[in-house]
Amino acid sequence: MSISDEYKSLRDEILMEYQKEVNLTTFVFTATAAIIGYGLTAKNPWVFLVPLALLTLLLFQLRNSLRSILEISVYIRVFIESNKDFGQYWETTIDALRDKLRNEKRFRSLTDVIFARFTAMMGAICIGLYFLFSTLWEFNTLCERWLVTGIAAILWLVISFAILRALVDADSGHYEKVLKRDFEEIYKRLKGK
């Protein structure tokens, strides 16, 4: 495989990863809305907690997807675009633009981070709906209501915080810088052989 073919293949992989992310996010948000709609008529507040499983999986997928995209992007910059004879510098140029916008405080968050923030908010809404409707429908005792809501909220906060923290680290450019340093060390060792 030529460098040009590898470059195209890796760029296609980035685009496919992004498309998969958009499709999965759309599916999970639609399923969550449908489950909430069903929960409003089912008169069972537990239904509102079901989307938390889907939303948790989405958060992990968003983190994994962003990690894959950034790893491929940095690989392209270090192993392919660093070759001055190659002549294509898409990833290097977009990285320089992101750095410039970050330095000027004009950088807009990566799509993954925006999706993750909406996901975290949807989870909080589901927990709030559980509490509200379990109260309105007098579904369980006050103690059970607070216990379930508290456990769900704590778990959701821990999961959301952990994932959002990783995504914010990527959004800041820190993760890319660490990857680039590691890949450059590997590249130097490989060239030295």
# chains A, B, ... in the order shown; residues from 1 in each chain; ligands from 1
$ residues_around --residues "segment 180-192 of chain A" --least-positions-apart "4" --cutoff "10 Å" --atoms "only C-alpha atoms" --output "NGL selection string"
:A and (70-71 or 73-75 or 77-79 or 174-176)
$ write_last_selection --atoms "N, CA and C atoms" --output "JSON list (two decimals), in the first residue's frame"
[["chain", "number", "residue", "atom", "x", "y", "z"],
["A", 70, "LEU", "N", -8.78, 11.14, 17.09],
["A", 70, "LEU", "CA", -7.57, 11.89, 17.41],
["A", 70, "LEU", "C", -6.31, 11.05, 17.19],
["A", 71, "GLU", "N", -6.37, 9.77, 17.52],
["A", 71, "GLU", "CA", -5.21, 8.90, 17.30],
["A", 71, "GLU", "C", -4.88, 8.79, 15.82],
["A", 73, "SER", "N", -5.72, 10.97, 13.49],
["A", 73, "SER", "CA", -5.29, 12.30, 13.05],
["A", 73, "SER", "C", -3.82, 12.54, 13.39],
["A", 74, "VAL", "N", -3.44, 12.24, 14.61],
["A", 74, "VAL", "CA", -2.05, 12.46, 15.02],
["A", 74, "VAL", "C", -1.12, 11.51, 14.28],
["A", 75, "TYR", "N", -1.55, 10.27, 14.08],
["A", 75, "TYR", "CA", -0.74, 9.32, 13.30],
["A", 75, "TYR", "C", -0.48, 9.87, 11.91],
["A", 77, "ARG", "N", -0.46, 12.99, 10.94],
["A", 77, "ARG", "CA", 0.45, 14.14, 11.02],
["A", 77, "ARG", "C", 1.89, 13.71, 11.21],
["A", 78, "VAL", "N", 2.11, 12.74, 12.10],
["A", 78, "VAL", "CA", 3.48, 12.36, 12.45],
["A", 78, "VAL", "C", 4.10, 11.43, 11.41],
["A", 79, "PHE", "N", 3.38, 10.41, 11.00],
["A", 79, "PHE", "CA", 3.98, 9.39, 10.15],
["A", 79, "PHE", "C", 3.81, 9.64, 8.65],
["A", 174, "HIS", "N", -4.91, 18.91, 24.86],
["A", 174, "HIS", "CA", -3.89, 18.25, 25.68],
["A", 174, "HIS", "C", -3.67, 16.80, 25.24],
["A", 175, "TYR", "N", -4.75, 16.07, 25.01],
["A", 175, "TYR", "CA", -4.64, 14.66, 24.62],
["A", 175, "TYR", "C", -3.86, 14.52, 23.31],
["A", 176, "GLU", "N", -4.13, 15.41, 22.36],
["A", 176, "GLU", "CA", -3.42, 15.37, 21.07],
["A", 176, "GLU", "C", -1.93, 15.64, 21.26]]
$ residues_around --residues "segment 10-27 of chain A" --least-positions-apart "5" --cutoff "7 Å" --atoms "only C-alpha atoms" --output "number ranges by chain"
A: 58, 62, 65, 69, 72
$ closest_residue --among "A:Ala34, A:Leu167, A:Ala153, A:Ala42" --to "Gly123 of chain A" --atoms "only C-alpha atoms"
A:Ala153
$ residues_around --residues "Phe86 of chain A" --least-positions-apart "2" --cutoff "12 Å" --atoms "only C-alpha atoms" --output "PyMOL selection string"
chain A and resi 2-7+76-77+79-84+88-90
$ write_last_selection --atoms "N, CA and C atoms" --output "PDB file, in the first residue's frame"
ATOM      1  N   SER A   2       0.590   2.166  -0.898  1.00  0.00           N
ATOM      2  CA  SER A   2       1.376   3.392  -0.972  1.00  0.00           C
ATOM      3  C   SER A   2       0.969   4.347   0.159  1.00  0.00           C
ATOM      4  N   ILE A   3       1.803   5.345   0.373  1.00  0.00           N
ATOM      5  CA  ILE A   3       1.501   6.340   1.411  1.00  0.00           C
ATOM      6  C   ILE A   3       0.212   7.058   1.071  1.00  0.00           C
ATOM      7  N   SER A   4      -0.008   7.344  -0.194  1.00  0.00           N
ATOM      8  CA  SER A   4      -1.230   8.028  -0.617  1.00  0.00           C
ATOM      9  C   SER A   4      -2.468   7.179  -0.318  1.00  0.00           C
ATOM     10  N   ASP A   5      -2.366   5.868  -0.564  1.00  0.00           N
ATOM     11  CA  ASP A   5      -3.488   4.957  -0.271  1.00  0.00           C
ATOM     12  C   ASP A   5      -3.734   4.871   1.236  1.00  0.00           C
ATOM     13  N   GLU A   6      -2.641   4.804   2.014  1.00  0.00           N
ATOM     14  CA  GLU A   6      -2.777   4.743   3.464  1.00  0.00           C
ATOM     15  C   GLU A   6      -3.435   6.027   3.980  1.00  0.00           C
ATOM     16  N   TYR A   7      -2.991   7.170   3.432  1.00  0.00           N
ATOM     17  CA  TYR A   7      -3.554   8.459   3.825  1.00  0.00           C
ATOM     18  C   TYR A   7      -5.056   8.487   3.554  1.00  0.00           C
ATOM     19  N   ILE A  76      -1.523  10.393  11.265  1.00  0.00           N
ATOM     20  CA  ILE A  76      -1.362  10.957   9.923  1.00  0.00           C
ATOM     21  C   ILE A  76      -0.353  12.098   9.951  1.00  0.00           C
ATOM     22  N   ARG A  77      -0.461  12.986  10.938  1.00  0.00           N
ATOM     23  CA  ARG A  77       0.448  14.139  11.019  1.00  0.00           C
ATOM     24  C   ARG A  77       1.893  13.711  11.210  1.00  0.00           C
ATOM     25  N   PHE A  79       3.377  10.407  10.999  1.00  0.00           N
ATOM     26  CA  PHE A  79       3.977   9.387  10.147  1.00  0.00           C
ATOM     27  C   PHE A  79       3.812   9.640   8.653  1.00  0.00           C
ATOM     28  N   ILE A  80       2.849  10.436   8.252  1.00  0.00           N
ATOM     29  CA  ILE A  80       2.629  10.645   6.817  1.00  0.00           C
ATOM     30  C   ILE A  80       2.917  12.095   6.415  1.00  0.00           C
ATOM     31  N   GLU A  81       2.235  13.044   7.072  1.00  0.00           N
ATOM     32  CA  GLU A  81       2.362  14.436   6.648  1.00  0.00           C
ATOM     33  C   GLU A  81       3.704  15.064   7.028  1.00  0.00           C
ATOM     34  N   SER A  82       4.455  14.437   7.927  1.00  0.00           N
ATOM     35  CA  SER A  82       5.786  14.971   8.257  1.00  0.00           C
ATOM     36  C   SER A  82       6.758  14.767   7.096  1.00  0.00           C
ATOM     37  N   ASN A  83       6.418  13.881   6.169  1.00  0.00           N
ATOM     38  CA  ASN A  83       7.198  13.672   4.957  1.00  0.00           C
ATOM     39  C   ASN A  83       6.903  14.835   4.006  1.00  0.00           C
ATOM     40  N   LYS A  84       7.846  15.732   3.854  1.00  0.00           N
ATOM     41  CA  LYS A  84       7.628  16.963   3.073  1.00  0.00           C
ATOM     42  C   LYS A  84       7.326  16.678   1.602  1.00  0.00           C
ATOM     43  N   GLN A  88       0.327  16.640   1.009  1.00  0.00           N
ATOM     44  CA  GLN A  88      -1.025  16.827   1.545  1.00  0.00           C
ATOM     45  C   GLN A  88      -0.900  17.033   3.048  1.00  0.00           C
ATOM     46  N   TYR A  89      -1.480  18.113   3.525  1.00  0.00           N
ATOM     47  CA  TYR A  89      -1.296  18.474   4.935  1.00  0.00           C
ATOM     48  C   TYR A  89      -2.624  18.833   5.599  1.00  0.00           C
ATOM     49  N   TRP A  90      -3.664  18.083   5.293  1.00  0.00           N
ATOM     50  CA  TRP A  90      -4.986  18.377   5.847  1.00  0.00           C
ATOM     51  C   TRP A  90      -4.978  18.327   7.374  1.00  0.00           C
TER      52      TRP A  90
END
$ closest_residue --among "A:Ile159, A:Leu97, A:Leu110, A:Leu57" --to "Asp171 of chain A" --atoms "only C-alpha atoms"
A:Leu110
$ residues_around --residues "Ile35 of chain A" --least-positions-apart "2" --cutoff "12 Å" --atoms "only C-alpha atoms" --output "list in words"
Val28, Phe29, Thr30, Ala31, Thr32, Ala33, Gly37, Tyr38, Gly39, Leu40, Thr41, Ala42, Asn44, Pro45, Trp46, Val47, Phe48, Leu49, Val50, Pro51, Leu52, Ala53, Leu54, Cys126 and Leu129 of chain A
$ write_last_selection --atoms "N, CA and C atoms" --output "compact mmCIF listing (two decimals), in the first residue's frame"
# COMPACT_ATOMS: atom_id res chain seq x y z
N VAL A 28 -29.83 7.08 19.80
CA VAL A 28 -30.01 7.09 21.26
C VAL A 28 -30.92 8.24 21.69
N PHE A 29 -30.74 9.42 21.10
CA PHE A 29 -31.62 10.55 21.46
C PHE A 29 -33.06 10.26 21.06
N THR A 30 -33.27 9.66 19.89
CA THR A 30 -34.62 9.31 19.45
C THR A 30 -35.23 8.24 20.36
N ALA A 31 -34.45 7.22 20.68
CA ALA A 31 -34.94 6.16 21.57
C ALA A 31 -35.26 6.71 22.95
N THR A 32 -34.42 7.62 23.45
CA THR A 32 -34.66 8.23 24.75
C THR A 32 -35.97 9.03 24.74
N ALA A 33 -36.18 9.80 23.69
CA ALA A 33 -37.42 10.58 23.58
C ALA A 33 -38.63 9.65 23.51
N GLY A 37 -41.60 9.43 26.21
CA GLY A 37 -42.99 9.54 25.77
C GLY A 37 -43.84 8.38 26.26
N TYR A 38 -43.28 7.18 26.15
CA TYR A 38 -43.98 6.00 26.66
C TYR A 38 -44.16 6.09 28.18
N GLY A 39 -43.13 6.55 28.86
CA GLY A 39 -43.19 6.67 30.32
C GLY A 39 -44.28 7.59 30.80
N LEU A 40 -44.58 8.62 30.01
CA LEU A 40 -45.64 9.56 30.39
C LEU A 40 -47.01 8.89 30.38
N THR A 41 -47.19 7.89 29.54
CA THR A 41 -48.49 7.20 29.47
C THR A 41 -48.51 5.90 30.26
N ALA A 42 -47.36 5.36 30.59
CA ALA A 42 -47.29 4.05 31.24
C ALA A 42 -47.63 4.10 32.73
N ASN A 44 -45.65 4.41 35.09
CA ASN A 44 -44.63 3.68 35.82
C ASN A 44 -43.34 4.50 35.75
N PRO A 45 -42.94 5.15 36.84
CA PRO A 45 -41.78 6.05 36.79
C PRO A 45 -40.47 5.34 36.50
N TRP A 46 -40.38 4.04 36.73
CA TRP A 46 -39.14 3.30 36.45
C TRP A 46 -38.77 3.38 34.98
N VAL A 47 -39.75 3.57 34.11
CA VAL A 47 -39.49 3.67 32.67
C VAL A 47 -38.52 4.83 32.38
N PHE A 48 -38.61 5.89 33.18
CA PHE A 48 -37.75 7.05 32.94
C PHE A 48 -36.28 6.77 33.22
N LEU A 49 -35.99 5.72 33.96
CA LEU A 49 -34.59 5.39 34.25
C LEU A 49 -33.97 4.47 33.19
N VAL A 50 -34.80 3.87 32.36
CA VAL A 50 -34.30 2.98 31.30
C VAL A 50 -33.33 3.69 30.35
N PRO A 51 -33.63 4.92 29.92
CA PRO A 51 -32.69 5.58 28.99
C PRO A 51 -31.28 5.77 29.54
N LEU A 52 -31.13 5.72 30.86
CA LEU A 52 -29.79 5.91 31.43
C LEU A 52 -28.80 4.87 30.91
N ALA A 53 -29.28 3.66 30.68
CA ALA A 53 -28.39 2.62 30.13
C ALA A 53 -27.93 3.01 28.72
N LEU A 54 -28.87 3.44 27.88
CA LEU A 54 -28.51 3.86 26.53
C LEU A 54 -27.59 5.08 26.54
N CYS A 126 -33.97 12.63 32.80
CA CYS A 126 -34.62 11.33 33.06
C CYS A 126 -34.73 11.06 34.57
N LEU A 129 -37.41 13.30 35.93
CA LEU A 129 -38.74 12.81 35.57
C LEU A 129 -39.14 11.62 36.45
$ atom_distance --atom1 "atom CA of Ile127 of chain A" --atom2 "atom CA of Thr149 of chain A"
6.5 Å
$ atom_distance --atom1 "atom CA of Glu104 of chain A" --atom2 "atom CA of Ala116 of chain A"
24.2 Å
$ atom_distance --atom1 "atom CA of Ile114 of chain A" --atom2 "atom CA of Leu157 of chain A"
16.9 Å
$ residues_around --residues "Asn103 of chain A" --least-positions-apart "6" --cutoff "12 Å" --atoms "only C-alpha atoms" --output "ChimeraX atom specification"
/A:96-97,172-173
